[in-house]
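Some notes on the structure that comes next.
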Amino acid sequence: MAIDKSIIGQPTGKSRIVIERGPVGIFARAVKDDSPIYQSPEAARAAGFERIPVPPTYGFAMSYWGGFPEIQPADDPGKKRNILMEVMGGLMSQGGVILHGEQEFVYHRPIMVGDVLAGEGKVVDFYERESKGKVMTFLITENVYRDEKSGQPVLTTRMNLIHRR
Amino acid sequence: MARSKLTFDQVKEGDAAPVQRHELNRTDLVMYAGASGDFNPMHHDDTKATAAGFPSVFGHGMFSAGFLAKALTDYVGIGSLRHFKVRFAKQTWPGDDLTARCTVVRKRVENGQHLVDLECSLVDGKGEVKVSGEATAELPA
């Protein structure tokens with residue numbers, strides 16, 4: 001089946017995310033990291049951080065904890081068109097499964113408790129491959145998160161979703 | 001923190017980070033579900049997981065990624081990672097004896113930054129790779 005390459009480059013949504021101490025500490029424990037740096041402001045300062053930093057994969061969970069509805073940007077293009085749902089929903093209507101194939105993080109500076117981040121996402125690739133009689137469709141999205149105060153990027157994430165049928 | 005930071009000079013290609021082991025259990029799955037907001041029942045509801053044809057509930061891929069990241073930061077230091085990428089190869093199951101291994105594959109200096117590239121993997125007791133990954137850390141000179 002032909003796939004719609006025109007979605008490459010299209011925005012997937014904007015977000016505004018608050019980083020709070022409680023969720024960061026709980027998340028660190030949930031990935032079996034008992035470092036006091038994630039729990040105590042004193043330990044974080046002693047390790048050279050201004051405030052408690054977040055674990056490396058917290059970027060995948062932070063919108064769940066800190067994406068409060070009333071602070072979301074009014075001009076979020078994801079409200080008009082949810083490409084992820086559109087594409088994956090369309091593929092799932094043909095059966096098959098969706099797999100999280102890869103996840104990537106680029107760290108520009110440590111995210112810390114108290115930060116407010118502005119995120120902006122887009123589709124960076126969309127393609128199809130055949131492998132062992134199965135059709136695999138790959139959707140790669142990227143999100144760039146900036147520190148709202150400075151405007152500087154703090155984190156870039158890339159997610160590779162695979163639909164296999 | 002009393003722990004001294006790893007420096008660029010202390011590292012050489014082929015060095016391995018201390019191995020981290022963890023036997024996955026259902027409490028881990030529940031804790032990660034609550035901490036991440038991923039309430040897909042395949043990760044906490046055995047009744048639904050077996051009805052869907054799985055032998056039991058299975059672990060979140062991002063739990064494995066998080067555990068692998070902890071193995072990395074225990075070695076290079078929290079805040080040192082510049083890049084981390086994982087590929088999800090196989091599911092993890094309660095009872096899996098998971099081992100995280102990280103190895104230094106390259107050292108380089110770019111734009112005054114002292115960078116160390118690492119390869120890492122999470123394997124079970126039978127040696128099956130669950131997650132493989134790569135990372136770059138910036139270390140003090």
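Numbering starts fresh at 1 for the residues of each chain in the structure tokens, the chains themselves are lettered A, B, ... in the order given, and ligands are numbered from 1 as they appear.
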(request) With a distance threshold of 10 Å and counting only C-alpha atoms, extract the residues of chain B near chain A and express them as a PyMOL selection string. (result) chain B and resi 1-5+22+27-38+61-74+77-89+131-137
Export, as a PDB file, in the first residue's frame, the selected residues with C-alpha atoms.
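Below is the file part_20.pdb, written as the result:
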```pdb
ATOM      1  CA  MET B   1      28.337  13.124  47.273  1.00  0.00           C
ATOM      2  CA  ALA B   2      31.537  11.446  48.252  1.00  0.00           C
ATOM      3  CA  ARG B   3      31.771   9.567  44.978  1.00  0.00           C
ATOM      4  CA  SER B   4      34.492  10.992  42.774  1.00  0.00           C
ATOM      5  CA  LYS B   5      33.586  11.668  39.170  1.00  0.00           C
ATOM      6  CA  HIS B  22      18.109  -7.269  38.581  1.00  0.00           C
ATOM      7  CA  THR B  27       6.101  -5.117  41.618  1.00  0.00           C
ATOM      8  CA  ASP B  28       8.649  -3.547  39.220  1.00  0.00           C
ATOM      9  CA  LEU B  29       5.985  -3.588  36.491  1.00  0.00           C
ATOM     10  CA  VAL B  30       3.387  -1.969  38.736  1.00  0.00           C
ATOM     11  CA  MET B  31       5.838   0.656  39.994  1.00  0.00           C
ATOM     12  CA  TYR B  32       6.910   1.538  36.472  1.00  0.00           C
ATOM     13  CA  ALA B  33       3.294   1.709  35.283  1.00  0.00           C
ATOM     14  CA  GLY B  34       2.502   4.176  38.067  1.00  0.00           C
ATOM     15  CA  ALA B  35       5.664   6.207  37.543  1.00  0.00           C
ATOM     16  CA  SER B  36       5.308   6.472  33.763  1.00  0.00           C
ATOM     17  CA  GLY B  37       1.540   6.514  33.251  1.00  0.00           C
ATOM     18  CA  ASP B  38       1.729   3.481  30.963  1.00  0.00           C
ATOM     19  CA  GLY B  61      10.396  -1.539  27.194  1.00  0.00           C
ATOM     20  CA  MET B  62      11.015   1.849  28.761  1.00  0.00           C
ATOM     21  CA  PHE B  63      11.607   0.215  32.153  1.00  0.00           C
ATOM     22  CA  SER B  64      14.449  -1.737  30.526  1.00  0.00           C
ATOM     23  CA  ALA B  65      15.729   1.474  28.937  1.00  0.00           C
ATOM     24  CA  GLY B  66      15.582   3.220  32.317  1.00  0.00           C
ATOM     25  CA  PHE B  67      17.478   0.416  34.036  1.00  0.00           C
ATOM     26  CA  LEU B  68      20.107   0.473  31.288  1.00  0.00           C
ATOM     27  CA  ALA B  69      20.384   4.257  31.730  1.00  0.00           C
ATOM     28  CA  LYS B  70      20.956   3.756  35.466  1.00  0.00           C
ATOM     29  CA  ALA B  71      23.831   1.368  34.680  1.00  0.00           C
ATOM     30  CA  LEU B  72      25.283   4.095  32.437  1.00  0.00           C
ATOM     31  CA  THR B  73      24.915   6.983  34.889  1.00  0.00           C
ATOM     32  CA  ASP B  74      26.304   4.899  37.764  1.00  0.00           C
ATOM     33  CA  GLY B  77      27.948  10.104  36.459  1.00  0.00           C
ATOM     34  CA  ILE B  78      24.492  11.666  36.539  1.00  0.00           C
ATOM     35  CA  GLY B  79      24.310  14.610  34.145  1.00  0.00           C
ATOM     36  CA  SER B  80      27.165  13.379  31.917  1.00  0.00           C
ATOM     37  CA  LEU B  81      25.106  11.741  29.174  1.00  0.00           C
ATOM     38  CA  ARG B  82      24.839  13.680  25.924  1.00  0.00           C
ATOM     39  CA  HIS B  83      23.110  10.957  23.883  1.00  0.00           C
ATOM     40  CA  PHE B  84      21.295   7.705  24.609  1.00  0.00           C
ATOM     41  CA  LYS B  85      19.512   5.482  22.110  1.00  0.00           C
ATOM     42  CA  VAL B  86      17.891   2.103  22.649  1.00  0.00           C
ATOM     43  CA  ARG B  87      16.485  -0.574  20.348  1.00  0.00           C
ATOM     44  CA  PHE B  88      13.857  -2.885  21.775  1.00  0.00           C
ATOM     45  CA  ALA B  89      14.619  -6.441  20.641  1.00  0.00           C
ATOM     46  CA  VAL B 131      17.469  -4.133  24.654  1.00  0.00           C
ATOM     47  CA  SER B 132      20.597  -2.868  22.947  1.00  0.00           C
ATOM     48  CA  GLY B 133      21.771   0.679  23.049  1.00  0.00           C
ATOM     49  CA  GLU B 134      24.427   3.264  22.490  1.00  0.00           C
ATOM     50  CA  ALA B 135      25.364   6.310  24.484  1.00  0.00           C
ATOM     51  CA  THR B 136      27.755   9.232  24.537  1.00  0.00           C
ATOM     52  CA  ALA B 137      28.978  10.838  27.744  1.00  0.00           C
TER      53      ALA B 137
END
```
(request) Within range 57-161 of chain A, find each residue whose DSSP state, derived from the backbone, is helix (DSSP H, G or I), and express the selection as a VMD selection string. (result) chain A and resid 58 to 60 62 to 66 69 to 71 77 to 80 83 to 92
(request) Rank A:Asp125, A:Glu130, A:Glu148, A:Glu70 by their smallest atom-to-atom distance to Arg164 in chain A, using only C-alpha atoms, and report the top residue only. (result)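 Closest residue, counting only C-alpha atoms: A:Glu130.
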(request) Find the distance between CA of Gly96 in chain A and CA of His163 in chain A and write it in Å to one decimal. (result)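 Computed distance, CA of Gly96 in chain A to CA of His163 in chain A, equals 6.8 Å.
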(message) To one decimal place in Å, what is the distance between CA of Lys149 in chain A and CA of Pro69 in chain A?
(response) 20.0 Å
(message) Counting only C-alpha atoms, which residue out of B:Arg26, B:Lys107, B:Lys48, B:His114 sits closest to Thr92 in chain B?
(response) B:Arg26
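Put simply, CA of Pro73 in chain A is 9.5 Å away from CA of Gly13 in chain A.
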(request) Find the residue from A:Gln94, A:Ser131, A:Gln39, A:Asn82 that sits nearest to Pro11 in chain A; use only C-alpha atoms when measuring. (result) A:Asn82
